[in-house]
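Shown below: entry_16.txt, with compact mmCIF, C-alpha atoms and all ligand atoms.
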```txt
# COMPACT_ATOMS: atom_id res chain seq x y z
CA MET R 1 6.81 86.49 -83.18
CA ILE R 2 3.25 85.52 -82.24
CA PRO R 3 3.39 81.73 -81.82
CA SER R 4 0.43 80.83 -84.01
CA LEU R 5 1.69 83.18 -86.73
CA ASN R 6 5.12 81.67 -86.34
CA ARG R 7 3.62 78.22 -86.87
CA ARG R 8 1.51 79.34 -89.83
CA LEU R 9 4.57 80.84 -91.50
CA ALA R 10 6.51 77.65 -90.91
CA VAL R 11 3.75 75.58 -92.50
CA SER R 12 3.50 77.95 -95.49
CA ALA R 13 7.27 77.83 -95.90
CA ALA R 14 7.14 74.03 -95.89
CA LEU R 15 4.39 73.97 -98.51
CA LEU R 16 6.20 76.48 -100.70
CA ALA R 17 9.39 74.49 -100.38
CA VAL R 18 7.69 71.27 -101.37
CA VAL R 19 5.99 72.95 -104.34
CA ALA R 20 9.30 74.48 -105.40
CA GLY R 21 11.11 71.17 -104.90
CA VAL R 22 13.73 72.62 -102.58
CA ALA R 23 14.80 71.64 -99.11
CA PRO R 24 12.78 73.73 -96.65
CA ALA R 25 15.77 75.06 -94.78
CA THR R 26 13.65 77.80 -93.24
CA VAL R 27 11.38 75.18 -91.75
CA ALA R 28 14.18 73.65 -89.74
CA GLN R 29 14.17 76.84 -87.75
CA ALA R 30 15.41 75.51 -84.43
CA ALA R 31 18.31 77.44 -82.97
CA PRO R 32 21.46 75.99 -84.52
CA LEU R 33 22.49 72.90 -82.58
CA ALA R 34 26.12 73.84 -82.92
CA PRO R 35 28.16 75.90 -85.30
CA THR R 36 28.81 72.74 -87.32
CA ALA R 37 25.24 71.39 -87.31
CA PRO R 38 24.53 69.72 -90.65
CA VAL R 39 21.75 71.28 -92.70
CA SER R 40 18.94 68.84 -93.36
CA GLY R 41 19.18 67.34 -96.83
CA GLY R 42 15.51 66.98 -97.78
CA SER R 43 11.95 67.33 -96.66
CA ALA R 44 11.66 63.68 -95.57
CA GLU R 45 14.55 64.16 -93.17
CA ALA R 46 13.58 67.64 -92.11
CA GLY R 47 10.73 66.47 -89.89
CA SER R 48 11.05 64.96 -86.47
CA GLY R 49 9.05 61.88 -87.40
CA LEU R 50 6.87 62.63 -84.38
CA PRO R 51 3.22 63.68 -84.38
CA ALA R 52 2.70 67.44 -84.23
CA PRO R 53 2.73 68.71 -80.65
CA ASP R 54 -0.68 69.00 -79.07
CA LEU R 55 -0.66 72.75 -78.49
CA ASP R 56 -4.03 72.75 -76.73
CA ALA R 57 -2.75 70.16 -74.28
CA LEU R 58 0.49 72.15 -73.92
CA VAL R 59 -1.39 75.29 -72.91
CA LYS R 60 -3.67 73.20 -70.71
CA ALA R 61 -0.63 71.83 -68.85
CA LEU R 62 0.66 75.39 -68.34
CA ASP R 63 -2.79 76.51 -67.21
CA ASN R 64 -2.90 73.60 -64.78
CA ALA R 65 0.44 74.70 -63.31
CA ARG R 66 -1.04 78.16 -62.93
CA ALA R 67 -4.24 76.85 -61.38
CA ALA R 68 -2.00 74.98 -58.92
CA GLY R 69 -0.48 78.27 -57.80
CA ALA R 70 2.28 79.24 -60.25
CA PRO R 71 2.03 82.94 -61.18
CA GLY R 72 3.08 81.95 -64.70
CA ALA R 73 4.47 79.18 -66.87
CA MET R 74 6.05 78.73 -70.29
CA ALA R 75 7.02 76.04 -72.77
CA ARG R 76 9.20 76.13 -75.85
CA ILE R 77 9.31 73.25 -78.29
CA SER R 78 11.99 73.30 -80.91
CA GLY R 79 13.05 70.91 -83.59
CA ARG R 80 13.31 69.91 -87.21
CA ASP R 81 9.68 70.75 -87.87
CA GLY R 82 9.31 74.06 -86.11
CA VAL R 83 9.44 76.14 -82.97
CA TRP R 84 6.42 76.64 -80.74
CA ASN R 85 6.30 79.08 -77.82
CA LYS R 86 3.50 79.14 -75.28
CA THR R 87 3.13 81.20 -72.11
CA VAL R 88 0.51 81.79 -69.46
CA GLY R 89 0.39 84.25 -66.58
CA VAL R 90 3.10 86.59 -65.37
CA ARG R 91 6.83 86.55 -64.84
CA ASP R 92 6.63 89.30 -62.22
CA THR R 93 3.67 89.61 -59.86
CA THR R 94 4.57 93.18 -58.86
CA THR R 95 4.77 94.71 -62.33
CA GLY R 96 2.32 92.27 -63.93
CA ALA R 97 4.82 91.68 -66.78
CA ALA R 98 3.66 88.75 -68.90
CA MET R 99 5.57 85.47 -68.97
CA ASP R 100 8.04 85.51 -71.85
CA THR R 101 9.80 82.49 -73.40
CA LYS R 102 12.90 84.60 -74.03
CA ALA R 103 13.32 85.37 -70.32
CA ARG R 104 16.03 83.79 -68.18
CA PHE R 105 15.35 81.68 -65.12
CA ARG R 106 17.05 79.39 -62.60
CA ILE R 107 17.28 75.85 -63.96
CA GLY R 108 18.16 74.00 -60.73
CA SER R 109 19.31 70.46 -61.31
CA VAL R 110 19.46 70.74 -65.09
CA THR R 111 22.87 72.07 -64.00
CA LYS R 112 23.76 68.45 -63.17
CA THR R 113 23.68 67.58 -66.86
CA PHE R 114 26.08 70.46 -67.62
CA SER R 115 28.40 69.30 -64.82
CA THR R 116 28.31 65.75 -66.18
CA VAL R 117 29.25 66.88 -69.69
CA VAL R 118 32.24 68.80 -68.33
CA LEU R 119 33.33 65.88 -66.20
CA LEU R 120 33.00 63.41 -69.11
CA GLN R 121 35.08 65.72 -71.31
CA LEU R 122 37.75 65.50 -68.61
CA VAL R 123 37.38 61.70 -68.77
CA ALA R 124 37.96 61.93 -72.54
CA GLU R 125 41.12 63.91 -71.79
CA LYS R 126 42.24 61.13 -69.42
CA LYS R 127 42.26 63.48 -66.43
CA ILE R 128 39.63 61.45 -64.58
CA GLU R 129 38.47 57.81 -64.74
CA LEU R 130 34.83 56.95 -64.19
CA ASP R 131 35.51 53.86 -62.12
CA SER R 132 38.30 55.25 -59.96
CA PRO R 133 37.66 56.12 -56.32
CA VAL R 134 36.82 59.76 -55.67
CA ASN R 135 39.46 59.74 -52.92
CA HIS R 136 42.10 59.01 -55.55
CA TYR R 137 41.59 62.57 -56.86
CA LEU R 138 40.49 64.24 -53.62
CA PRO R 139 42.48 62.36 -50.95
CA GLY R 140 40.67 61.90 -47.67
CA LEU R 141 37.50 63.75 -48.78
CA LEU R 142 35.09 60.83 -48.42
CA PRO R 143 34.94 58.29 -45.58
CA ASP R 144 34.83 55.33 -48.00
CA ASP R 145 37.43 54.54 -50.66
CA ARG R 146 34.90 52.40 -52.53
CA ILE R 147 32.89 55.44 -53.71
CA THR R 148 33.74 55.99 -57.38
CA VAL R 149 33.21 58.87 -59.76
CA ARG R 150 30.47 56.85 -61.51
CA HIS R 151 28.65 56.38 -58.18
CA LEU R 152 28.39 60.17 -57.89
CA LEU R 153 27.02 60.61 -61.42
CA THR R 154 24.43 57.84 -60.96
CA HIS R 155 23.37 58.89 -57.42
CA ARG R 156 24.63 55.62 -56.01
CA SER R 157 27.30 56.88 -53.62
CA GLY R 158 25.11 56.72 -50.52
CA LEU R 159 26.19 60.26 -49.54
CA ALA R 160 23.24 61.85 -47.73
CA ASP R 161 21.49 64.84 -49.31
CA TYR R 162 22.18 67.68 -46.85
CA THR R 163 19.46 69.79 -48.52
CA ASN R 164 16.68 67.71 -46.95
CA ALA R 165 17.55 68.98 -43.47
CA MET R 166 18.50 72.43 -44.76
CA PHE R 167 15.05 72.99 -46.30
CA ASN R 168 12.94 71.00 -43.87
CA ASP R 169 11.22 74.30 -43.02
CA THR R 170 10.91 75.78 -46.46
CA VAL R 171 10.95 79.57 -46.06
CA PRO R 172 13.13 79.79 -42.90
CA GLY R 173 15.51 77.28 -44.51
CA PHE R 174 15.69 79.36 -47.68
CA GLU R 175 16.10 82.70 -45.86
CA ALA R 176 18.93 81.21 -43.78
CA VAL R 177 21.00 80.45 -46.90
CA ARG R 178 19.80 82.81 -49.61
CA ASN R 179 22.78 85.15 -49.18
CA LYS R 180 25.23 82.62 -47.79
CA VAL R 181 28.38 81.55 -49.62
CA PHE R 182 29.42 77.97 -48.85
CA THR R 183 32.67 76.30 -49.75
CA TYR R 184 32.31 72.86 -51.34
CA ASP R 185 34.01 71.41 -48.26
CA GLU R 186 31.36 72.89 -45.98
CA LEU R 187 28.59 71.28 -48.04
CA VAL R 188 30.32 67.88 -48.04
CA LYS R 189 30.78 68.18 -44.27
CA LEU R 190 27.04 68.79 -43.85
CA SER R 191 26.37 65.57 -45.78
CA LEU R 192 28.92 63.57 -43.80
CA SER R 193 27.33 64.64 -40.52
CA GLU R 194 24.38 62.44 -41.53
CA PRO R 195 24.35 58.65 -41.92
CA ARG R 196 25.01 57.41 -45.43
CA THR R 197 21.93 56.11 -47.23
CA THR R 198 23.36 53.05 -49.04
CA GLU R 199 26.53 51.06 -49.47
CA PRO R 200 28.43 52.43 -52.48
CA GLY R 201 26.91 51.30 -55.76
CA VAL R 202 23.98 49.45 -54.25
CA SER R 203 20.96 51.60 -55.02
CA TYR R 204 19.81 54.90 -56.47
CA ALA R 205 19.30 57.66 -53.88
CA TYR R 206 19.12 61.17 -55.30
CA SER R 207 21.54 63.50 -53.52
CA ASN R 208 22.83 66.97 -54.32
CA THR R 209 26.03 66.04 -52.46
CA ASN R 210 27.06 63.86 -55.41
CA PHE R 211 27.16 66.81 -57.77
CA VAL R 212 28.89 69.07 -55.27
CA VAL R 213 31.69 66.50 -55.29
CA VAL R 214 31.52 66.42 -59.11
CA GLY R 215 32.17 70.19 -59.03
CA MET R 216 35.19 69.61 -56.79
CA LEU R 217 36.50 66.97 -59.21
CA ILE R 218 36.05 69.32 -62.16
CA GLU R 219 37.99 72.08 -60.41
CA LYS R 220 40.73 69.70 -59.29
CA ALA R 221 41.20 68.00 -62.67
CA SER R 222 40.91 71.13 -64.82
CA GLY R 223 42.63 73.59 -62.48
CA ARG R 224 39.84 76.11 -63.20
CA PRO R 225 36.61 77.20 -61.51
CA VAL R 226 33.50 75.34 -62.73
CA ALA R 227 32.13 78.60 -64.17
CA LYS R 228 35.05 78.77 -66.63
CA GLU R 229 34.64 75.13 -67.60
CA TYR R 230 30.88 75.47 -68.34
CA GLU R 231 31.71 78.56 -70.37
CA ARG R 232 34.55 77.21 -72.50
CA ARG R 233 33.25 73.67 -73.00
CA ILE R 234 29.48 74.18 -73.46
CA ILE R 235 28.13 77.74 -73.35
CA LYS R 236 30.53 79.31 -75.87
CA PRO R 237 30.74 76.42 -78.37
CA LEU R 238 26.93 76.20 -78.53
CA GLY R 239 26.45 79.98 -78.61
CA MET R 240 24.15 79.96 -75.60
CA ARG R 241 24.00 83.65 -74.84
CA ASN R 242 21.38 83.37 -72.10
CA THR R 243 23.15 80.75 -70.03
CA SER R 244 25.46 81.51 -67.12
CA TYR R 245 26.88 80.37 -63.82
CA VAL R 246 27.30 83.49 -61.72
CA HIS R 247 27.67 81.96 -58.24
CA PRO R 248 27.89 83.59 -55.75
CA ARG R 249 26.25 86.61 -57.38
CA THR R 250 22.55 86.80 -56.56
CA GLU R 251 21.04 88.65 -59.50
CA ILE R 252 19.59 87.25 -62.72
CA LYS R 253 20.76 89.81 -65.28
CA GLY R 254 18.68 90.90 -68.29
CA LEU R 255 15.13 89.89 -69.15
CA HIS R 256 14.23 87.29 -66.54
CA VAL R 257 11.47 85.54 -64.67
CA ASN R 258 10.94 86.21 -60.98
CA GLY R 259 10.61 83.08 -58.86
CA TYR R 260 8.01 82.69 -56.10
CA LEU R 261 8.47 80.23 -53.27
CA THR R 262 5.38 78.76 -51.64
CA PRO R 263 5.43 78.80 -47.82
CA ASP R 264 4.60 75.52 -46.07
CA GLN R 265 1.72 77.16 -44.22
CA ALA R 266 -1.37 77.69 -46.36
CA GLY R 267 -2.56 81.29 -46.69
CA LEU R 268 0.84 82.96 -46.28
CA PRO R 269 1.98 85.18 -49.16
CA LEU R 270 4.45 83.88 -51.77
CA VAL R 271 8.10 84.76 -51.15
CA ASP R 272 9.97 86.38 -54.04
CA SER R 273 13.02 84.11 -54.20
CA THR R 274 14.55 85.42 -57.44
CA GLU R 275 17.74 86.73 -55.88
CA GLN R 276 19.90 84.22 -54.04
CA THR R 277 23.44 82.88 -54.21
CA VAL R 278 22.26 79.27 -54.81
CA SER R 279 25.48 78.47 -52.97
CA TRP R 280 23.71 75.54 -51.32
CA ALA R 281 23.66 73.86 -54.75
CA GLN R 282 26.53 75.26 -56.86
CA SER R 283 27.54 72.59 -59.43
CA ALA R 284 24.41 70.62 -58.41
CA GLY R 285 21.96 73.37 -59.35
CA ALA R 286 23.05 77.02 -59.65
CA MET R 287 22.89 77.72 -63.40
CA ILE R 288 20.69 80.27 -65.15
CA SER R 289 19.40 79.76 -68.70
CA ASN R 290 16.41 80.32 -70.94
CA ALA R 291 14.14 78.05 -72.93
CA ALA R 292 15.87 78.39 -76.31
CA ASP R 293 19.29 77.69 -74.79
CA LEU R 294 17.95 74.63 -72.99
CA ASN R 295 16.48 73.34 -76.28
CA THR R 296 19.89 73.90 -77.87
CA PHE R 297 21.72 72.17 -75.03
CA THR R 298 19.62 69.00 -74.79
CA SER R 299 19.51 68.46 -78.55
CA ALA R 300 23.25 69.11 -78.93
CA LEU R 301 23.96 66.67 -76.12
CA VAL R 302 21.98 63.73 -77.51
CA THR R 303 23.29 64.29 -81.04
CA GLY R 304 26.88 63.98 -79.90
CA LYS R 305 27.95 67.61 -80.31
CA LEU R 306 29.48 67.66 -76.82
CA LEU R 307 30.74 64.12 -76.20
CA SER R 308 32.19 61.25 -78.18
CA ALA R 309 29.82 58.34 -78.92
CA PRO R 310 31.28 56.01 -76.25
CA LEU R 311 30.98 58.63 -73.52
CA LEU R 312 27.49 59.63 -74.62
CA ASP R 313 26.60 55.93 -74.46
CA GLN R 314 27.80 55.86 -70.85
CA MET R 315 25.67 58.88 -70.05
CA LEU R 316 22.64 57.22 -71.67
CA THR R 317 23.05 53.92 -69.82
CA MET R 318 20.09 54.02 -67.46
CA THR R 319 18.65 52.24 -64.46
CA PRO R 320 15.10 52.73 -63.10
CA THR R 321 14.58 55.28 -60.34
CA ASP R 322 11.16 54.13 -59.21
CA ALA R 323 8.70 51.27 -59.43
CA THR R 324 6.79 52.68 -62.43
CA ASN R 325 9.60 51.56 -64.73
CA THR R 326 9.04 54.70 -66.78
CA ARG R 327 11.69 56.89 -65.15
CA PHE R 328 15.40 56.23 -65.37
CA TYR R 329 18.73 57.84 -64.48
CA GLY R 330 21.98 57.53 -66.39
CA LEU R 331 24.98 59.78 -65.73
CA GLY R 332 23.54 63.17 -64.74
CA LEU R 333 20.68 62.51 -67.12
CA ARG R 334 17.09 61.33 -66.82
CA ARG R 335 15.03 59.30 -69.25
CA TYR R 336 11.22 59.39 -69.15
CA ASP R 337 9.24 56.86 -71.17
CA LEU R 338 6.06 58.57 -72.30
CA SER R 339 2.65 56.95 -72.81
CA CYS R 340 3.05 57.00 -76.62
CA GLY R 341 6.23 54.92 -76.44
CA THR R 342 8.60 57.85 -77.05
CA SER R 343 11.53 58.17 -74.64
CA VAL R 344 12.90 61.59 -73.80
CA TYR R 345 16.24 62.51 -72.25
CA GLY R 346 17.15 65.48 -70.10
CA HIS R 347 16.71 66.71 -66.56
CA THR R 348 14.26 68.36 -64.23
CA GLY R 349 15.08 71.20 -61.88
CA THR R 350 13.76 72.65 -58.65
CA VAL R 351 15.26 75.71 -57.08
CA GLN R 352 13.27 78.05 -54.86
CA GLY R 353 10.65 79.71 -57.06
CA PHE R 354 11.38 77.75 -60.24
CA TYR R 355 10.40 74.36 -61.67
CA THR R 356 12.08 73.33 -64.94
CA TYR R 357 11.86 70.47 -67.46
CA ALA R 358 14.43 70.23 -70.30
CA PHE R 359 14.19 67.13 -72.51
CA SER R 360 14.92 65.94 -76.06
CA THR R 361 14.14 62.88 -78.09
CA ARG R 362 17.10 60.51 -78.53
CA ASP R 363 17.71 61.79 -82.07
CA GLY R 364 17.54 65.42 -80.93
CA LYS R 365 14.89 66.22 -83.53
CA ARG R 366 12.50 67.66 -80.97
CA SER R 367 13.22 69.36 -77.63
CA LEU R 368 11.06 70.82 -74.91
CA ALA R 369 11.93 73.35 -72.24
CA ALA R 370 9.20 74.19 -69.74
CA MET R 371 9.21 76.23 -66.55
CA ALA R 372 6.80 77.50 -63.91
CA ASN R 373 7.78 80.26 -61.52
CA THR R 374 6.85 78.50 -58.33
CA SER R 375 8.21 75.71 -56.15
CA ASN R 376 7.42 73.78 -52.97
CA ARG R 377 4.12 73.04 -54.71
CA GLY R 378 4.27 69.48 -56.03
CA VAL R 379 0.94 69.70 -57.84
CA ALA R 380 2.24 72.57 -59.98
CA ASN R 381 5.37 70.59 -60.83
CA THR R 382 3.32 67.56 -61.81
CA ALA R 383 1.06 69.76 -63.94
CA LEU R 384 4.10 71.26 -65.69
CA GLY R 385 5.26 67.71 -66.41
CA GLY R 386 2.15 67.40 -68.58
CA THR R 387 3.99 69.49 -71.20
CA LEU R 388 6.11 66.42 -72.01
CA GLU R 389 3.21 64.33 -73.29
CA ALA R 390 1.80 67.34 -75.16
CA ALA R 391 5.14 68.12 -76.78
CA PHE R 392 6.25 64.64 -77.80
CA CYS R 393 3.11 62.48 -78.08
CA GLY R 394 0.77 64.81 -79.98
CA LYS R 395 -3.01 64.60 -79.78
CA LYS R 396 -4.27 61.67 -77.79
CA PRO R 397 -6.91 59.60 -79.59
CA ALA R 398 -10.39 60.40 -78.26
CA PRO R 399 -11.33 57.86 -75.60
CA ALA R 400 -13.40 55.01 -77.02
CA ALA R 401 -17.14 55.37 -76.33
CA LYS R 402 -18.18 53.43 -73.28
CA ALA R 403 -19.90 50.21 -74.27
CA ARG R 404 -23.13 50.09 -72.32
CA GLY R 405 -23.07 47.51 -69.57
CA PHE R 406 -19.28 46.95 -69.69
CA ALA R 407 -16.81 48.40 -67.25
CA THR R 408 -13.90 50.18 -68.92
CA THR R 409 -10.36 49.86 -67.66
CA PRO R 410 -8.89 53.28 -66.89
CA ALA R 411 -5.73 54.03 -68.85
CA ALA R 412 -2.50 53.97 -66.85
CA PRO R 413 -1.48 57.53 -65.98
CA ALA R 414 1.27 58.98 -68.14
CA PRO R 415 4.55 59.15 -66.22
CA ALA R 416 4.62 62.92 -66.14
CA GLU R 417 1.19 62.95 -64.59
CA VAL R 418 1.91 60.62 -61.71
CA ASP R 419 1.60 62.79 -58.65
CA LEU R 420 4.39 61.65 -56.40
CA PRO R 421 5.32 63.45 -53.20
CA GLU R 422 7.96 66.10 -53.86
CA ARG R 423 10.83 64.20 -52.31
CA ASN R 424 10.05 60.91 -54.02
CA ALA R 425 9.41 62.40 -57.39
CA ARG R 426 13.06 62.58 -58.28
C1 LIG R 501 15.82 71.83 -52.79
C2 LIG R 501 14.65 72.32 -52.01
C3 LIG R 501 15.42 71.02 -54.01
C4 LIG R 501 13.66 73.16 -52.80
C5 LIG R 501 16.60 70.38 -54.72
N1 LIG R 501 16.95 70.95 -55.89
O1 LIG R 501 17.18 69.43 -54.26
C6 LIG R 501 17.90 70.39 -56.79
C7 LIG R 501 17.07 69.97 -57.98
C8 LIG R 501 18.97 71.38 -57.15
O2 LIG R 501 16.80 70.71 -58.89
N2 LIG R 501 16.45 68.79 -57.84
C9 LIG R 501 15.30 68.43 -58.62
C10 LIG R 501 12.48 73.68 -52.01
C11 LIG R 501 14.27 67.74 -57.76
C12 LIG R 501 15.59 67.51 -59.78
O3 LIG R 501 16.64 66.91 -59.87
O4 LIG R 501 14.69 67.41 -60.58
N3 LIG R 501 11.84 72.68 -51.20
C13 LIG R 501 11.48 74.21 -53.03
C14 LIG R 501 11.68 72.81 -49.88
C15 LIG R 501 10.97 71.67 -49.20
O5 LIG R 501 12.06 73.78 -49.28
N4 LIG R 501 10.69 71.90 -47.81
O6 LIG R 501 10.56 73.46 -53.42
O7 LIG R 501 11.67 75.35 -53.47
```
I'd like the structure from this file rewritten - as C-alpha cells, please.
Amino acid sequence: MIPSLNRRLAVSAALLAVVAGVAPATVAQAAPLAPTAPVSGGSAEAGSGLPAPDLDALVKALDNARAAGAPGAMARISGRDGVWNKTVGVRDTTTGAAMDTKARFRIGSVTKTFSTVVLLQLVAEKKIELDSPVNHYLPGLLPDDRITVRHLLTHRSGLADYTNAMFNDTVPGFEAVRNKVFTYDELVKLSLSEPRTTEPGVSYAYSNTNFVVVGMLIEKASGRPVAKEYERRIIKPLGMRNTSYVHPRTEIKGLHVNGYLTPDQAGLPLVDSTEQTVSWAQSAGAMISNAADLNTFTSALVTGKLLSAPLLDQMLTMTPTDATNTRFYGLGLRRYDLSCGTSVYGHTGTVQGFYTYAFSTRDGKRSLAAMANTSNRGVANTALGGTLEAAFCGKKPAPAAKARGFATTPAAPAPAEVDLPERNAR
C-alpha cells in the first residue's frame, strides 16, 4: 500500500474506533509479534506512548544515505500505532528497479542477535552455562581456559577479529572470499594467528571471531547445524517467511535488494556484491531477512517471546562501548540512547553492499528496520543511522531563535549522527 495512504487509513481507523467506542484492533497493524501475541485491550494501551515518527526526517536520513553514495535505502517502522514504509532510490542499478521495503537483504551482524537467542535457549535447557569456559565444551579450541561463553557474547574474549586483515583491501579481500567456504575451525585459526587484544573479560573489543565460536557452541550443544536451530527456535515460531540462513549458498532468493560495495579507490565503479557465501562470517553475520521480519524479531525479543525474563535480563545487561556513553553492548545486543532520552535495543549490520539497523524500544511497542545497499562508505552508514532519531524521537523542536549578541551552545550530536571511523563505530 502507498505509505501515506496506509497512514491515513490507520488514522481514520483509529478515529472511527474511538467514535464507536471499540478497541482499534486494526490500528495495531504491526506484523503479529508471535502467534500468541496478546491483542491490545484499549486505545490508551494501543499506542506506543512515543511521539509520531518524523517522516520528513526519516526520508531525509534515507536521502542522505543516497547522497553519500548508496544506490537506494529503505526504512520500515512498525508498532502499536501503525506501520510506516519509506524508500528512496533503487534496489538494482542495472534494471533500475525501485527500492522496496518487502525485499530481502543481507543483515550482517544482526545475525549475532539471532545466534545469541539460540545460545541462550540452550542455556535455558541447561546444555550450556554462560560462565563456563568455552574449552569445557570445545576442548582445546582456545589457547586460554579463562575465556567463558559470556566473554564471547559481550566481545570481551580478546580473540582478534580476523576480518580486519581479511578485508584490509576491500574489493580484493572480498573477491578472495566471496565464493569460499570456510570451516569454523579455519576461521578460529585465522584469529589465533594474531595476538589477542585483551585479557579475558577485561574490555570490550568487537570481534567476529566471538560469534563464530558461538556458532560452534550451538552446533556442539544442540547436535544440529546452526541453520536448523535458527529455523526451529526463531524463524518458524515467529512466522518470519523472509528470513533464512542459506550458507554456503550464494543467492538471495525471491524479491531482494542488490548490494553494492564501494572500492577503496575513489572513482572506481561499485562492485555488485549481492551473491557471496558470507562464509567469512557464518553465525557472526550470514543471515538474510527483510524489514518486516526484522521488526517482528526485535519486538518479539524485547517482549520476552523468545527468552525467559531472567535470560532476557542477562541479554539486556549492558556496558558502554565508547566514550560517548550513549552506545552499549549486552549479550549479542546493542543499546543506543537517543537524544530524546529513549533507549533502543537491537543490532547493526555491515556485510559487503549492505548496511542495516534493526532496533526496538524496550517495551517492543515501536521497531525500526533500515537498510542502505552500500558499504565501505562510513558516511552513508552514519546517515542511515539518522533513521533512529526520526523513528523514535519524532519531530525535533525548532531551534530557539538566536538571541542577538549572545553565543549559542551547539546541541550535542545525536548518537546516530556521530561520524566515527568505520572500524571504531562498532
Ligand atoms: C566486514 C568488512 C565488516 C566489511 C564486519 N561485519 O565485520 C560484521 C558486522 C558481520 O555486521 N559488523 C557490523 C567491508 C559493524 C556491526 O556489528 O554493526 N569493509 C564493507 C571493508 C573495509 O572491506 N576495508 O564495508 O563492506
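Computed from the coordinates, the atom C1 of ligand LIG 501 (chain R) to atom CA of Pro225 of chain R distance equals 23.2 Å.
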Close residues to ligand LIG 501 (chain R) using only C-alpha atoms and all ligand atoms, limit 9 Å, as a PyMOL selection string = chain R and resi 107-112+161+163-174+206-208+260-264+273+278+280-286+334+347-357+374-378+422-426
Go ahead and compute the interatomic distance for atom CA of Lys86 of chain R and atom CA of Ala67 of chain R, in Å to one decimal.
-> 16.1 Å
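With all atoms listed in the file as the atoms that count, the minimum distance from Val88 of chain R to the choices R:Lys253, R:Gly140, R:Met371, R:Gln314 is reached by R:Met371.
Note that atom CA of Val379 of chain R and atom CA of Pro320 of chain R are 22.7 Å apart.
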Would you mind telling me which residue in R:Leu58, R:Ala398, R:Leu192, R:Leu316 lies nearest to Ala370 of chain R when using all atoms listed in the file?
-> R:Leu58
Which residues, written as a ChimeraX atom specification, have at least one atom at most 12 Å from Asp313 of chain R, with all atoms listed in the file counted and residues fewer than 5 positions away on the same chain left out?
-> /R:120,301-304,307-308,318,330-331,333,362
Write out as number ranges by chain the residues lying within 7 Å of Tyr204 of chain R, counting only C-alpha atoms and excluding same-chain residues fewer than 2 positions away.
-> R: 155-156, 206, 321
